[in-house]
$ cat my_file_3.tsv   # TSV, C-alpha atoms and all ligand atoms
chain	number	residue	atom	x	y	z
A	17	MET	CA	-32.02	75.44	-35.05
A	18	ARG	CA	-33.34	76.87	-38.27
A	19	GLU	CA	-34.53	79.94	-36.41
A	20	LYS	CA	-31.23	80.33	-34.68
A	21	LEU	CA	-29.53	80.25	-38.08
A	22	GLN	CA	-31.92	82.87	-39.47
A	23	GLU	CA	-31.23	85.12	-36.52
A	24	LEU	CA	-27.51	84.67	-36.91
A	25	CYS	CA	-27.71	85.52	-40.60
A	26	HIS	CA	-29.74	88.63	-39.90
A	27	GLU	CA	-27.32	89.77	-37.22
A	28	ALA	CA	-24.26	89.16	-39.40
A	29	LEU	CA	-25.66	91.05	-42.39
A	30	GLN	CA	-26.58	93.97	-40.16
A	31	ALA	CA	-23.10	94.04	-38.66
A	32	LEU	CA	-21.59	94.05	-42.15
A	33	ASP	CA	-23.81	96.93	-43.22
A	34	ALA	CA	-22.90	98.90	-40.11
A	35	ALA	CA	-19.13	98.37	-40.50
A	36	GLY	CA	-17.41	101.69	-41.08
A	37	SER	CA	-13.97	100.46	-42.07
A	38	LEU	CA	-12.15	97.50	-43.58
A	39	GLU	CA	-10.97	96.62	-40.06
A	40	ASP	CA	-14.59	96.47	-38.82
A	41	LEU	CA	-15.45	94.15	-41.72
A	42	ASN	CA	-12.63	91.82	-40.86
A	43	GLU	CA	-13.69	91.67	-37.23
A	44	THR	CA	-17.23	90.83	-38.28
A	45	ARG	CA	-15.96	88.12	-40.60
A	46	ILE	CA	-13.99	86.52	-37.78
A	47	LYS	CA	-16.94	86.83	-35.41
A	48	TYR	CA	-19.28	84.86	-37.68
A	49	LEU	CA	-17.22	82.85	-40.13
A	50	GLY	CA	-13.98	82.40	-38.20
A	51	LYS	CA	-12.79	79.11	-36.68
A	52	LYS	CA	-14.49	79.97	-33.43
A	53	GLY	CA	-17.16	82.07	-35.16
A	54	ALA	CA	-20.89	81.88	-34.41
A	55	LEU	CA	-21.88	80.08	-37.64
A	56	THR	CA	-19.04	77.62	-37.23
A	57	GLN	CA	-20.26	76.84	-33.69
A	58	VAL	CA	-23.76	76.14	-34.96
A	59	LEU	CA	-22.49	73.78	-37.66
A	60	ARG	CA	-20.44	71.94	-35.06
A	61	GLY	CA	-23.65	71.24	-33.17
A	62	MET	CA	-25.17	69.48	-36.20
A	63	GLY	CA	-23.96	66.11	-34.98
A	64	LYS	CA	-26.78	66.11	-32.47
A	65	LEU	CA	-29.44	66.47	-35.17
A	66	SER	CA	-31.53	63.59	-36.52
A	67	ALA	CA	-30.58	62.02	-39.88
A	68	GLU	CA	-33.47	63.65	-41.76
A	69	GLU	CA	-32.98	67.10	-40.24
A	70	ARG	CA	-29.23	67.17	-40.86
A	71	PRO	CA	-29.22	67.70	-44.68
A	72	ARG	CA	-31.85	70.44	-44.54
A	73	ILE	CA	-30.14	72.35	-41.80
A	74	GLY	CA	-26.84	71.76	-43.54
A	75	GLN	CA	-28.17	73.26	-46.75
A	76	ALA	CA	-29.63	76.24	-44.88
A	77	ALA	CA	-26.33	76.81	-43.13
A	78	ASN	CA	-24.47	76.75	-46.45
A	79	GLU	CA	-26.89	79.24	-47.95
A	80	ILE	CA	-26.41	81.53	-44.99
A	81	ARG	CA	-22.64	81.23	-45.25
A	82	SER	CA	-22.85	82.20	-48.95
A	83	ALA	CA	-25.11	85.13	-48.17
A	84	ILE	CA	-22.73	86.45	-45.53
A	85	GLU	CA	-19.71	85.95	-47.82
A	86	GLU	CA	-21.43	87.75	-50.67
A	87	ARG	CA	-22.36	90.70	-48.50
A	88	LEU	CA	-18.84	90.73	-47.08
A	89	ALA	CA	-17.33	90.95	-50.59
A	90	ALA	CA	-19.75	93.70	-51.63
A	91	ARG	CA	-19.08	95.74	-48.49
A	92	THR	CA	-15.34	95.30	-48.92
A	93	ASP	CA	-15.54	96.76	-52.42
A	94	GLU	CA	-17.72	99.62	-51.21
A	95	LEU	CA	-15.43	100.53	-48.37
A	96	LYS	CA	-12.32	100.35	-50.58
A	97	VAL	CA	-13.88	102.83	-52.97
A	98	ALA	CA	-14.89	105.05	-50.07
A	99	VAL	CA	-11.37	105.05	-48.65
A	100	GLN	CA	-9.98	105.95	-52.08
A	101	GLU	CA	-12.48	108.76	-52.53
A	102	GLN	CA	-11.74	110.14	-49.13
A	103	ARG	CA	-8.04	110.20	-49.91
A	104	LEU	CA	-8.61	111.94	-53.23
A	105	ARG	CA	-10.78	114.53	-51.54
A	106	ARG	CA	-8.04	115.25	-49.04
A	107	GLU	CA	-5.28	115.44	-51.68
A	108	VAL	CA	-6.61	118.30	-53.74
A	109	ILE	CA	-3.90	119.65	-56.02
A	110	ASP	CA	-3.87	123.42	-56.23
A	111	VAL	CA	-2.12	124.13	-59.50
A	112	THR	CA	-1.93	127.83	-58.67
A	113	LEU	CA	0.43	127.24	-55.72
A	114	PRO	CA	4.07	128.13	-56.36
A	115	GLY	CA	6.17	125.05	-57.16
A	116	THR	CA	9.01	123.59	-55.13
A	117	PRO	CA	12.14	125.34	-56.36
A	118	VAL	CA	14.61	123.08	-58.18
A	119	GLN	CA	18.23	123.34	-57.02
A	120	TRP	CA	20.27	124.57	-59.97
A	121	GLY	CA	23.94	123.81	-60.22
A	122	GLY	CA	26.35	126.38	-61.53
A	123	LYS	CA	29.70	126.45	-63.23
A	124	HIS	CA	32.79	126.56	-61.05
A	125	PRO	CA	34.51	129.96	-61.29
A	126	LEU	CA	37.58	128.29	-62.81
A	127	THR	CA	35.43	126.72	-65.53
A	128	ARG	CA	33.85	130.08	-66.25
A	129	VAL	CA	37.20	131.82	-66.53
A	130	ARG	CA	38.70	129.05	-68.69
A	131	GLU	CA	35.71	129.17	-71.04
A	132	ASN	CA	35.94	132.94	-71.10
A	133	ILE	CA	39.61	132.75	-72.14
A	134	GLN	CA	38.85	130.08	-74.73
A	135	ASP	CA	36.00	132.11	-76.24
A	136	ILE	CA	38.20	135.15	-76.72
A	137	PHE	CA	40.80	133.15	-78.67
A	138	LEU	CA	38.27	131.03	-80.54
A	139	GLY	CA	36.92	134.37	-81.76
A	140	LEU	CA	40.40	135.12	-83.15
A	141	GLY	CA	40.49	131.83	-85.09
A	142	TYR	CA	42.45	129.71	-82.62
A	143	VAL	CA	41.58	126.05	-82.07
A	144	ILE	CA	41.75	124.12	-78.80
A	145	ALA	CA	44.49	121.51	-78.39
A	146	GLU	CA	45.24	119.19	-75.48
A	147	GLY	CA	48.07	117.00	-74.24
A	148	PRO	CA	48.85	114.48	-71.49
A	149	GLU	CA	49.29	115.45	-67.83
A	150	VAL	CA	51.89	112.73	-67.28
A	151	GLU	CA	54.66	113.97	-69.55
A	152	THR	CA	58.12	112.90	-70.59
A	153	ASP	CA	61.25	114.84	-69.76
A	154	TYR	CA	61.66	115.42	-73.49
A	155	TYR	CA	58.44	117.37	-74.05
A	156	ASN	CA	58.30	119.14	-70.68
A	157	PHE	CA	61.94	120.30	-70.80
A	158	GLU	CA	64.33	119.06	-73.48
A	159	ALA	CA	62.35	120.04	-76.59
A	160	LEU	CA	61.58	123.40	-75.01
A	161	ASN	CA	65.27	124.24	-74.94
A	162	LEU	CA	65.66	123.27	-71.29
A	163	PRO	CA	68.39	120.59	-71.45
A	164	GLN	CA	69.49	118.47	-68.45
A	165	ASP	CA	71.09	120.65	-65.77
A	166	HIS	CA	69.67	123.85	-67.19
A	167	PRO	CA	69.24	126.18	-64.17
A	168	ALA	CA	65.72	127.21	-65.29
A	169	ARG	CA	64.55	123.67	-64.45
A	170	ASP	CA	64.94	124.53	-60.75
A	171	MET	CA	62.06	126.99	-60.82
A	172	GLN	CA	59.67	124.32	-62.05
A	173	ASP	CA	59.41	122.37	-58.74
A	174	THR	CA	58.74	119.17	-60.62
A	175	PHE	CA	56.84	116.08	-59.39
A	176	PHE	CA	58.52	113.03	-60.89
A	177	VAL	CA	56.69	109.74	-61.41
A	178	SER	CA	58.06	106.26	-62.11
A	179	GLY	CA	59.81	105.44	-65.37
A	180	GLY	CA	61.56	108.80	-65.61
A	181	ASN	CA	58.29	110.58	-66.42
A	182	LEU	CA	56.85	113.58	-64.63
A	183	LEU	CA	53.67	115.55	-64.06
A	184	ARG	CA	53.83	118.39	-66.57
A	185	THR	CA	54.82	121.65	-64.88
A	186	HIS	CA	53.29	123.78	-67.64
A	187	THR	CA	51.16	123.44	-70.79
A	188	SER	CA	54.10	124.44	-73.03
A	189	PRO	CA	54.94	120.80	-73.99
A	190	VAL	CA	51.73	120.75	-76.05
A	191	GLN	CA	53.33	123.41	-78.33
A	192	VAL	CA	55.88	120.81	-79.43
A	193	ARG	CA	53.43	117.89	-79.51
A	194	PHE	CA	51.05	119.86	-81.71
A	195	MET	CA	53.66	121.25	-84.12
A	196	GLU	CA	55.21	117.79	-84.57
A	197	LYS	CA	51.88	116.56	-85.87
A	198	THR	CA	51.06	119.49	-88.18
A	199	ALA	CA	54.49	120.47	-89.59
A	200	PRO	CA	54.98	121.91	-92.13
A	201	GLU	CA	51.36	123.06	-92.34
A	202	LEU	CA	50.62	126.75	-91.68
A	203	PRO	CA	49.27	128.59	-89.84
A	204	VAL	CA	49.30	127.03	-86.36
A	205	LYS	CA	46.96	128.83	-84.00
A	206	ILE	CA	46.14	126.92	-80.84
A	207	ILE	CA	45.22	127.48	-77.25
A	208	VAL	CA	45.87	124.72	-74.75
A	209	PRO	CA	43.86	124.68	-71.52
A	210	GLY	CA	44.84	122.12	-68.91
A	211	LYS	CA	46.01	121.04	-65.49
A	212	VAL	CA	49.64	121.45	-64.46
A	213	TYR	CA	51.53	120.42	-61.30
A	214	ARG	CA	54.24	121.94	-59.13
A	215	ARG	CA	55.53	121.28	-55.61
A	216	ASP	CA	54.10	124.48	-54.17
A	217	ASP	CA	51.33	125.15	-51.65
A	218	ASP	CA	50.27	128.45	-50.07
A	219	ALA	CA	47.68	131.23	-50.40
A	220	THR	CA	48.71	131.97	-53.99
A	221	HIS	CA	50.05	128.54	-55.09
A	222	SER	CA	48.43	125.13	-55.37
A	223	PRO	CA	50.24	121.85	-56.26
A	224	MET	CA	47.69	121.43	-59.05
A	225	PHE	CA	46.57	124.45	-61.02
A	226	HIS	CA	45.43	125.37	-64.51
A	227	GLN	CA	47.11	127.10	-67.40
A	228	VAL	CA	46.10	128.20	-70.85
A	229	GLU	CA	48.91	128.15	-73.38
A	230	GLY	CA	48.76	130.00	-76.68
A	231	LEU	CA	50.78	129.44	-79.84
A	232	ALA	CA	50.67	131.14	-83.25
A	233	ILE	CA	53.06	130.14	-86.04
A	234	ASP	CA	53.07	131.51	-89.58
A	235	ARG	CA	55.21	133.43	-92.04
A	236	ARG	CA	56.12	136.96	-90.89
A	237	ILE	CA	54.53	136.83	-87.45
A	238	THR	CA	56.09	139.63	-85.40
A	239	PHE	CA	56.27	140.87	-81.85
A	240	SER	CA	53.60	143.46	-82.76
A	241	ASP	CA	51.17	140.61	-83.44
A	242	LEU	CA	51.86	139.28	-79.95
A	243	LYS	CA	51.31	142.73	-78.42
A	244	GLY	CA	48.10	143.34	-80.34
A	245	THR	CA	46.73	139.89	-79.46
A	246	LEU	CA	47.46	140.13	-75.73
A	247	ASP	CA	46.24	143.74	-75.59
A	248	LEU	CA	42.91	142.68	-77.04
A	249	PHE	CA	42.78	139.70	-74.69
A	250	ALA	CA	43.30	141.95	-71.62
A	251	ARG	CA	40.56	144.34	-72.70
A	252	GLU	CA	38.10	141.51	-73.42
A	253	MET	CA	38.93	139.59	-70.26
A	254	PHE	CA	38.95	142.43	-67.75
A	255	SER	CA	37.54	145.72	-69.06
A	256	PRO	CA	37.83	147.87	-72.20
A	257	ASP	CA	40.06	150.39	-70.42
A	258	THR	CA	42.60	147.79	-69.26
A	259	ARG	CA	46.15	148.63	-70.41
A	260	THR	CA	49.06	146.22	-70.83
A	261	ARG	CA	52.78	146.54	-70.09
A	262	PHE	CA	55.49	144.29	-71.55
A	263	ARG	CA	58.62	143.80	-69.44
A	264	PRO	CA	61.73	142.00	-70.74
A	265	SER	CA	62.11	138.56	-69.13
A	266	TYR	CA	63.63	135.16	-69.80
A	267	PHE	CA	62.12	131.83	-70.83
A	268	PRO	CA	64.31	129.23	-72.55
A	269	PHE	CA	61.65	128.50	-75.19
A	270	THR	CA	61.13	132.11	-76.34
A	271	GLU	CA	63.48	134.80	-77.58
A	272	PRO	CA	62.89	137.60	-76.84
A	273	SER	CA	60.75	136.83	-73.77
A	274	VAL	CA	58.44	139.08	-71.83
A	275	GLU	CA	56.29	139.18	-68.77
A	276	VAL	CA	53.00	140.94	-69.35
A	277	ASP	CA	51.24	143.11	-66.78
A	278	ILE	CA	47.80	144.67	-66.89
A	279	SER	CA	46.83	147.92	-65.25
A	280	CYS	CA	45.52	147.08	-61.78
A	281	VAL	CA	41.90	145.92	-61.88
A	282	MET	CA	41.27	147.33	-58.39
A	283	CYS	CA	42.71	150.85	-58.56
A	284	ARG	CA	42.94	151.16	-62.38
A	285	GLY	CA	46.63	151.94	-62.13
A	286	LYS	CA	46.71	154.47	-59.32
A	287	GLY	CA	48.38	152.06	-56.88
A	288	CYS	CA	46.78	150.02	-54.09
A	289	ARG	CA	47.42	147.03	-51.82
A	290	VAL	CA	46.48	144.49	-54.51
A	291	CYS	CA	49.13	145.77	-56.95
A	292	SER	CA	51.65	146.54	-54.16
A	293	HIS	CA	51.28	150.23	-55.06
A	294	THR	CA	52.78	149.71	-58.52
A	295	GLY	CA	49.56	150.11	-60.50
A	296	TRP	CA	50.36	146.89	-62.42
A	297	LEU	CA	49.54	143.18	-62.08
A	298	GLU	CA	51.53	140.42	-63.76
A	299	ILE	CA	49.25	138.04	-65.67
A	300	LEU	CA	51.36	135.94	-68.03
A	301	GLY	CA	54.64	135.03	-69.69
A	302	ALA	CA	55.15	135.26	-73.44
A	303	GLY	CA	57.65	135.71	-76.23
A	304	MET	CA	58.68	134.87	-79.79
A	305	VAL	CA	59.07	131.10	-80.18
A	306	HIS	CA	62.77	130.16	-79.98
A	307	PRO	CA	64.18	128.93	-83.32
A	308	ARG	CA	65.35	125.70	-81.65
A	309	VAL	CA	61.81	124.91	-80.53
A	310	LEU	CA	60.57	125.45	-84.10
A	311	GLU	CA	63.33	123.22	-85.48
A	312	VAL	CA	62.80	120.26	-83.12
A	313	SER	CA	59.10	120.44	-83.89
A	314	GLY	CA	59.66	120.18	-87.65
A	315	TYR	CA	59.37	123.83	-88.75
A	316	ASP	CA	62.01	125.76	-90.69
A	317	SER	CA	63.03	128.65	-88.45
A	318	GLU	CA	64.29	130.55	-91.50
A	319	GLU	CA	60.82	130.39	-93.05
A	320	VAL	CA	58.42	130.85	-90.15
A	321	THR	CA	58.16	132.74	-86.90
A	322	GLY	CA	55.63	132.70	-84.11
A	323	PHE	CA	54.71	133.79	-80.64
A	324	ALA	CA	53.63	131.89	-77.54
A	325	PHE	CA	52.19	132.77	-74.18
A	326	GLY	CA	51.14	130.99	-71.01
A	327	MET	CA	48.82	132.18	-68.29
A	328	GLY	CA	47.52	130.80	-64.98
A	329	VAL	CA	43.74	130.39	-64.87
A	330	GLU	CA	43.58	130.65	-61.05
A	331	ARG	CA	45.53	133.89	-61.09
A	332	ILE	CA	43.24	135.42	-63.72
A	333	ALA	CA	40.16	134.25	-61.75
A	334	MET	CA	41.53	135.73	-58.52
A	335	LEU	CA	42.17	139.08	-60.20
A	336	LYS	CA	38.85	139.13	-62.04
A	337	TYR	CA	36.75	138.30	-58.98
A	338	GLY	CA	38.94	139.78	-56.23
A	339	ILE	CA	39.66	136.40	-54.55
A	340	ASP	CA	42.55	136.68	-52.08
A	341	ASP	CA	43.20	132.99	-51.31
A	342	MET	CA	43.66	130.39	-54.07
A	343	ARG	CA	42.65	127.56	-51.73
A	344	LEU	CA	39.07	128.85	-51.81
A	345	LEU	CA	38.93	127.66	-55.42
A	346	PHE	CA	39.54	124.04	-54.39
A	347	GLU	CA	37.64	123.68	-51.11
A	348	ASN	CA	34.19	123.36	-52.72
A	349	ASP	CA	32.53	125.47	-50.02
A	350	LEU	CA	29.07	126.29	-51.43
A	351	ARG	CA	29.00	129.63	-49.60
A	352	PHE	CA	31.93	130.63	-51.79
A	353	LEU	CA	30.86	128.91	-55.01
A	354	GLN	CA	27.28	130.24	-54.95
A	355	GLN	CA	28.61	133.75	-55.41
A	356	PHE	CA	29.53	132.94	-59.01
A	357	ARG	CA	26.09	132.36	-60.51
B	401	LIG	N1	55.44	127.86	-69.47
B	401	LIG	C1	55.69	129.07	-68.69
B	401	LIG	C2	55.47	128.78	-67.22
B	401	LIG	O1	54.68	127.94	-66.89
B	401	LIG	C3	54.76	130.17	-69.12
B	401	LIG	C4	55.11	130.64	-70.49
B	401	LIG	C5	56.01	131.66	-70.68
B	401	LIG	C6	54.52	130.05	-71.58
B	401	LIG	C7	56.34	132.11	-71.94
B	401	LIG	C8	54.85	130.49	-72.87
B	401	LIG	C9	55.77	131.55	-73.03
B	401	LIG	O2	54.32	129.97	-73.95
B	401	LIG	O3	56.07	131.97	-74.27
B	401	LIG	O4	56.11	129.37	-66.41
$ encode --input "my_file_3.tsv" --output "structure tokens"
Amino acid sequence: MREKLQELCHEALQALDAAGSLEDLNETRIKYLGKKGALTQVLRGMGKLSAEERPRIGQAANEIRSAIEERLAARTDELKVAVQEQRLRREVIDVTLPGTPVQWGGKHPLTRVRENIQDIFLGLGYVIAEGPEVETDYYNFEALNLPQDHPARDMQDTFFVSGGNLLRTHTSPVQVRFMEKTAPELPVKIIVPGKVYRRDDDATHSPMFHQVEGLAIDRRITFSDLKGTLDLFAREMFSPDTRTRFRPSYFPFTEPSVEVDISCVMCRGKGCRVCSHTGWLEILGAGMVHPRVLEVSGYDSEEVTGFAFGMGVERIAMLKYGIDDMRLLFENDLRFLQQFR
């Protein structure tokens, strides 16, 4: 029996040494130490031994079990290290290889154009003001000299919301909101970027679009100041050789009122499809702030004057980048957006 045990031990240790993987080791463990393993079988047979032989064989068997377990643990450690080393050898990092490119986001063309507009006016000493998109009838119309039943309300295609409020149809209400807060302080020089809403939807109109409003109030501000300011804006925004044209128009909140054109960005004024062969493109509405608007906002119209203007950001973006359908600006198609990096 003793010899059989010795042989078993020898065999088991050899098998452990020969094992090439952790799986092999486990198989060997089961083969010798498992429930039906060889050593276990031998120990089961101990019942047949004589009373004096039993303790000695038992001790020998325990020693052999310990020896096998020890070797098993040592080999397990060895093989774990080997597996790790093998993996490290395979995963060499070549720091000279080019990296995986990171996907960079970019600014939406409307954001770029809005920031561009803002920068030009910030450079002239204007500050940015904002107002609510859900507006009252008073600020959107009444205070801007557009009383109930005024025919000019028709053109504003207004979305009404509950409680008699509405979605602002232009950024002009912020003129009044701002002046109310600052009156009678001078000067007032603000630009107001923001979303506006009108019931309109086609290639050149969207029910939600963006405007930038401008307002300058001080003593002795004249129409020449308005012309000089918008002239500079057109040259900065489009190109240094861009010319402006002021046509008489009507807005209830300005008097006199104008619509401002720039020389066509495509044909430089010669006449083409984009400018309907006129050489000019309309870009904004403007005028001298109506005395009534000054008065309701807390300014003395005998003391101060001012000008205001309002432009559509989408329209400016379409002209600047030659975009022929406004809907492209809202579809978030990357093939379109990636062109504005
Ligand atoms: N609020 C006008 C609109 O949306 C644009 C406008 C015209 C704004 C003349 C002004 C202005 O400040 O003076 O149609």
$ closest_residue --input "my_file_3.tsv" --among "A:Arg357, A:Arg184, A:His26, A:Lys51" --to "Asp153 of chain A" --atoms "all atoms listed in the file"
A:Arg184
$ closest_atom_pairs --input "my_file_3.tsv" --of "chain A" --to "ligand LIG 401 (chain B)" --cutoff "8 Å" --atoms "only C-alpha atoms and all ligand atoms" --output "CSV"
residue,atom,partner,partner_atom,distance
A:Gln172,CA,B:LIG401,O4,7.6
A:Thr185,CA,B:LIG401,O1,6.6
A:His186,CA,B:LIG401,O1,4.4
A:Thr187,CA,B:LIG401,N1,6.3
A:Ser188,CA,B:LIG401,N1,5.1
A:Gln191,CA,B:LIG401,O2,7.9
A:Gln227,CA,B:LIG401,O1,7.6
A:Glu229,CA,B:LIG401,O2,5.7
A:Gly230,CA,B:LIG401,O2,6.2
A:Leu231,CA,B:LIG401,O2,6.9
A:Phe267,CA,B:LIG401,C7,5.9
A:Phe269,CA,B:LIG401,O3,6.6
A:Thr270,CA,B:LIG401,O3,5.5
A:Ser273,CA,B:LIG401,C7,6.7
A:Val274,CA,B:LIG401,C7,7.3
A:Glu275,CA,B:LIG401,C7,7.7
A:Leu300,CA,B:LIG401,C3,6.8
A:Gly301,CA,B:LIG401,C5,3.8
A:Ala302,CA,B:LIG401,O3,3.5
A:Gly303,CA,B:LIG401,O3,4.5
A:Met304,CA,B:LIG401,O3,6.8
A:Val305,CA,B:LIG401,O3,6.7
A:Phe323,CA,B:LIG401,O3,6.8
A:Ala324,CA,B:LIG401,O3,4.1
A:Phe325,CA,B:LIG401,O2,3.5
A:Gly326,CA,B:LIG401,C6,3.6
A:Met327,CA,B:LIG401,C3,6.3
A:Gly328,CA,B:LIG401,O1,7.9
$ residues_near_point --input "my_file_3.tsv" --point "(44.0, 128.0, -67.4)" --cutoff "6 Å" --atoms "all atoms listed in the file" --output "list of chain:residue names"
A:Arg130, A:Pro209, A:His226, A:Gln227, A:Val228, A:Gly328, A:Val329
$ write_last_selection --input "my_file_3.tsv" --atoms "C-alpha atoms" --output "PDB file, in the coordinates of the input"
ATOM      1  CA  ARG A 130      38.700 129.050 -68.690  1.00  0.00           C
ATOM      2  CA  PRO A 209      43.860 124.680 -71.520  1.00  0.00           C
ATOM      3  CA  HIS A 226      45.430 125.370 -64.510  1.00  0.00           C
ATOM      4  CA  GLN A 227      47.110 127.100 -67.400  1.00  0.00           C
ATOM      5  CA  VAL A 228      46.100 128.200 -70.850  1.00  0.00           C
ATOM      6  CA  GLY A 328      47.520 130.800 -64.980  1.00  0.00           C
ATOM      7  CA  VAL A 329      43.740 130.390 -64.870  1.00  0.00           C
TER       8      VAL A 329
END
$ residues_around --input "my_file_3.tsv" --residues "Arg70 of chain A" --least-positions-apart "4" --cutoff "12 Å" --atoms "all atoms listed in the file" --output "PyMOL selection string"
chain A and resi 17-18+59-66+74-77
$ residues_near_point --input "my_file_3.tsv" --point "(46.4, 150.1, -60.7)" --cutoff "12 Å" --atoms "all atoms listed in the file" --output "number ranges by chain"
A: 257-261, 277-298, 335
$ residues_around --input "my_file_3.tsv" --residues "Asn181 of chain A" --least-positions-apart "2" --cutoff "12 Å" --atoms "only C-alpha atoms" --output "PDB file with C-alpha atoms, in the frame of the given file"
ATOM      1  CA  PRO A 148      48.850 114.480 -71.490  1.00  0.00           C
ATOM      2  CA  GLU A 149      49.290 115.450 -67.830  1.00  0.00           C
ATOM      3  CA  VAL A 150      51.890 112.730 -67.280  1.00  0.00           C
ATOM      4  CA  GLU A 151      54.660 113.970 -69.550  1.00  0.00           C
ATOM      5  CA  THR A 152      58.120 112.900 -70.590  1.00  0.00           C
ATOM      6  CA  ASP A 153      61.250 114.840 -69.760  1.00  0.00           C
ATOM      7  CA  TYR A 154      61.660 115.420 -73.490  1.00  0.00           C
ATOM      8  CA  TYR A 155      58.440 117.370 -74.050  1.00  0.00           C
ATOM      9  CA  ASN A 156      58.300 119.140 -70.680  1.00  0.00           C
ATOM     10  CA  PHE A 157      61.940 120.300 -70.800  1.00  0.00           C
ATOM     11  CA  THR A 174      58.740 119.170 -60.620  1.00  0.00           C
ATOM     12  CA  PHE A 175      56.840 116.080 -59.390  1.00  0.00           C
ATOM     13  CA  PHE A 176      58.520 113.030 -60.890  1.00  0.00           C
ATOM     14  CA  VAL A 177      56.690 109.740 -61.410  1.00  0.00           C
ATOM     15  CA  SER A 178      58.060 106.260 -62.110  1.00  0.00           C
ATOM     16  CA  GLY A 179      59.810 105.440 -65.370  1.00  0.00           C
ATOM     17  CA  LEU A 183      53.670 115.550 -64.060  1.00  0.00           C
ATOM     18  CA  ARG A 184      53.830 118.390 -66.570  1.00  0.00           C
ATOM     19  CA  THR A 185      54.820 121.650 -64.880  1.00  0.00           C
TER      20      THR A 185
END
$ residues_around --input "my_file_3.tsv" --residues "Glu85 of chain A" --least-positions-apart "4" --cutoff "12 Å" --atoms "all atoms listed in the file" --output "list in words"
Cys25, Ala28, Leu29, Leu32, Leu41, Asn42, Thr44, Arg45, Ile46, Tyr48, Leu49, Gly50, Leu55, Asn78, Glu79, Ile80, Arg81, Ala89, Ala90, Arg91 and Thr92 of chain A
$ build_atoms --input "my_file_3.tsv" --residues "segment 233-247 of chain A" --atoms "N, CA and C atoms" --output "PDB file, in the frame of the given file"
ATOM      1  N   ILE A 233      51.902 130.280 -85.150  1.00  0.00           N
ATOM      2  CA  ILE A 233      53.060 130.140 -86.040  1.00  0.00           C
ATOM      3  C   ILE A 233      52.611 130.409 -87.470  1.00  0.00           C
ATOM      4  N   ASP A 234      53.388 131.246 -88.180  1.00  0.00           N
ATOM      5  CA  ASP A 234      53.070 131.510 -89.580  1.00  0.00           C
ATOM      6  C   ASP A 234      54.267 132.242 -90.203  1.00  0.00           C
ATOM      7  N   ARG A 235      54.160 132.596 -91.459  1.00  0.00           N
ATOM      8  CA  ARG A 235      55.210 133.430 -92.040  1.00  0.00           C
ATOM      9  C   ARG A 235      55.014 134.860 -91.547  1.00  0.00           C
ATOM     10  N   ARG A 236      56.134 135.542 -91.256  1.00  0.00           N
ATOM     11  CA  ARG A 236      56.120 136.960 -90.890  1.00  0.00           C
ATOM     12  C   ARG A 236      55.280 137.318 -89.667  1.00  0.00           C
ATOM     13  N   ILE A 237      55.171 136.434 -88.706  1.00  0.00           N
ATOM     14  CA  ILE A 237      54.530 136.830 -87.450  1.00  0.00           C
ATOM     15  C   ILE A 237      55.563 137.623 -86.647  1.00  0.00           C
ATOM     16  N   THR A 238      55.148 138.756 -86.113  1.00  0.00           N
ATOM     17  CA  THR A 238      56.090 139.630 -85.400  1.00  0.00           C
ATOM     18  C   THR A 238      55.669 139.848 -83.957  1.00  0.00           C
ATOM     19  N   PHE A 239      56.547 140.539 -83.247  1.00  0.00           N
ATOM     20  CA  PHE A 239      56.270 140.870 -81.850  1.00  0.00           C
ATOM     21  C   PHE A 239      55.038 141.778 -81.744  1.00  0.00           C
ATOM     22  N   SER A 240      54.788 142.587 -82.782  1.00  0.00           N
ATOM     23  CA  SER A 240      53.600 143.460 -82.760  1.00  0.00           C
ATOM     24  C   SER A 240      52.321 142.629 -82.744  1.00  0.00           C
ATOM     25  N   ASP A 241      52.356 141.489 -83.449  1.00  0.00           N
ATOM     26  CA  ASP A 241      51.170 140.610 -83.440  1.00  0.00           C
ATOM     27  C   ASP A 241      50.907 140.113 -82.024  1.00  0.00           C
ATOM     28  N   LEU A 242      51.989 139.738 -81.335  1.00  0.00           N
ATOM     29  CA  LEU A 242      51.860 139.280 -79.950  1.00  0.00           C
ATOM     30  C   LEU A 242      51.265 140.385 -79.081  1.00  0.00           C
ATOM     31  N   LYS A 243      51.810 141.604 -79.232  1.00  0.00           N
ATOM     32  CA  LYS A 243      51.310 142.730 -78.420  1.00  0.00           C
ATOM     33  C   LYS A 243      49.838 143.007 -78.695  1.00  0.00           C
ATOM     34  N   GLY A 244      49.492 143.042 -79.974  1.00  0.00           N
ATOM     35  CA  GLY A 244      48.100 143.340 -80.340  1.00  0.00           C
ATOM     36  C   GLY A 244      47.150 142.279 -79.800  1.00  0.00           C
ATOM     37  N   THR A 245      47.584 141.004 -79.900  1.00  0.00           N
ATOM     38  CA  THR A 245      46.730 139.890 -79.460  1.00  0.00           C
ATOM     39  C   THR A 245      46.499 139.949 -77.949  1.00  0.00           C
ATOM     40  N   LEU A 246      47.592 140.146 -77.189  1.00  0.00           N
ATOM     41  CA  LEU A 246      47.460 140.130 -75.730  1.00  0.00           C
ATOM     42  C   LEU A 246      46.763 141.394 -75.216  1.00  0.00           C
ATOM     43  N   ASP A 247      46.927 142.493 -75.933  1.00  0.00           N
ATOM     44  CA  ASP A 247      46.240 143.740 -75.590  1.00  0.00           C
ATOM     45  C   ASP A 247      44.736 143.543 -75.702  1.00  0.00           C
TER      46      ASP A 247
END
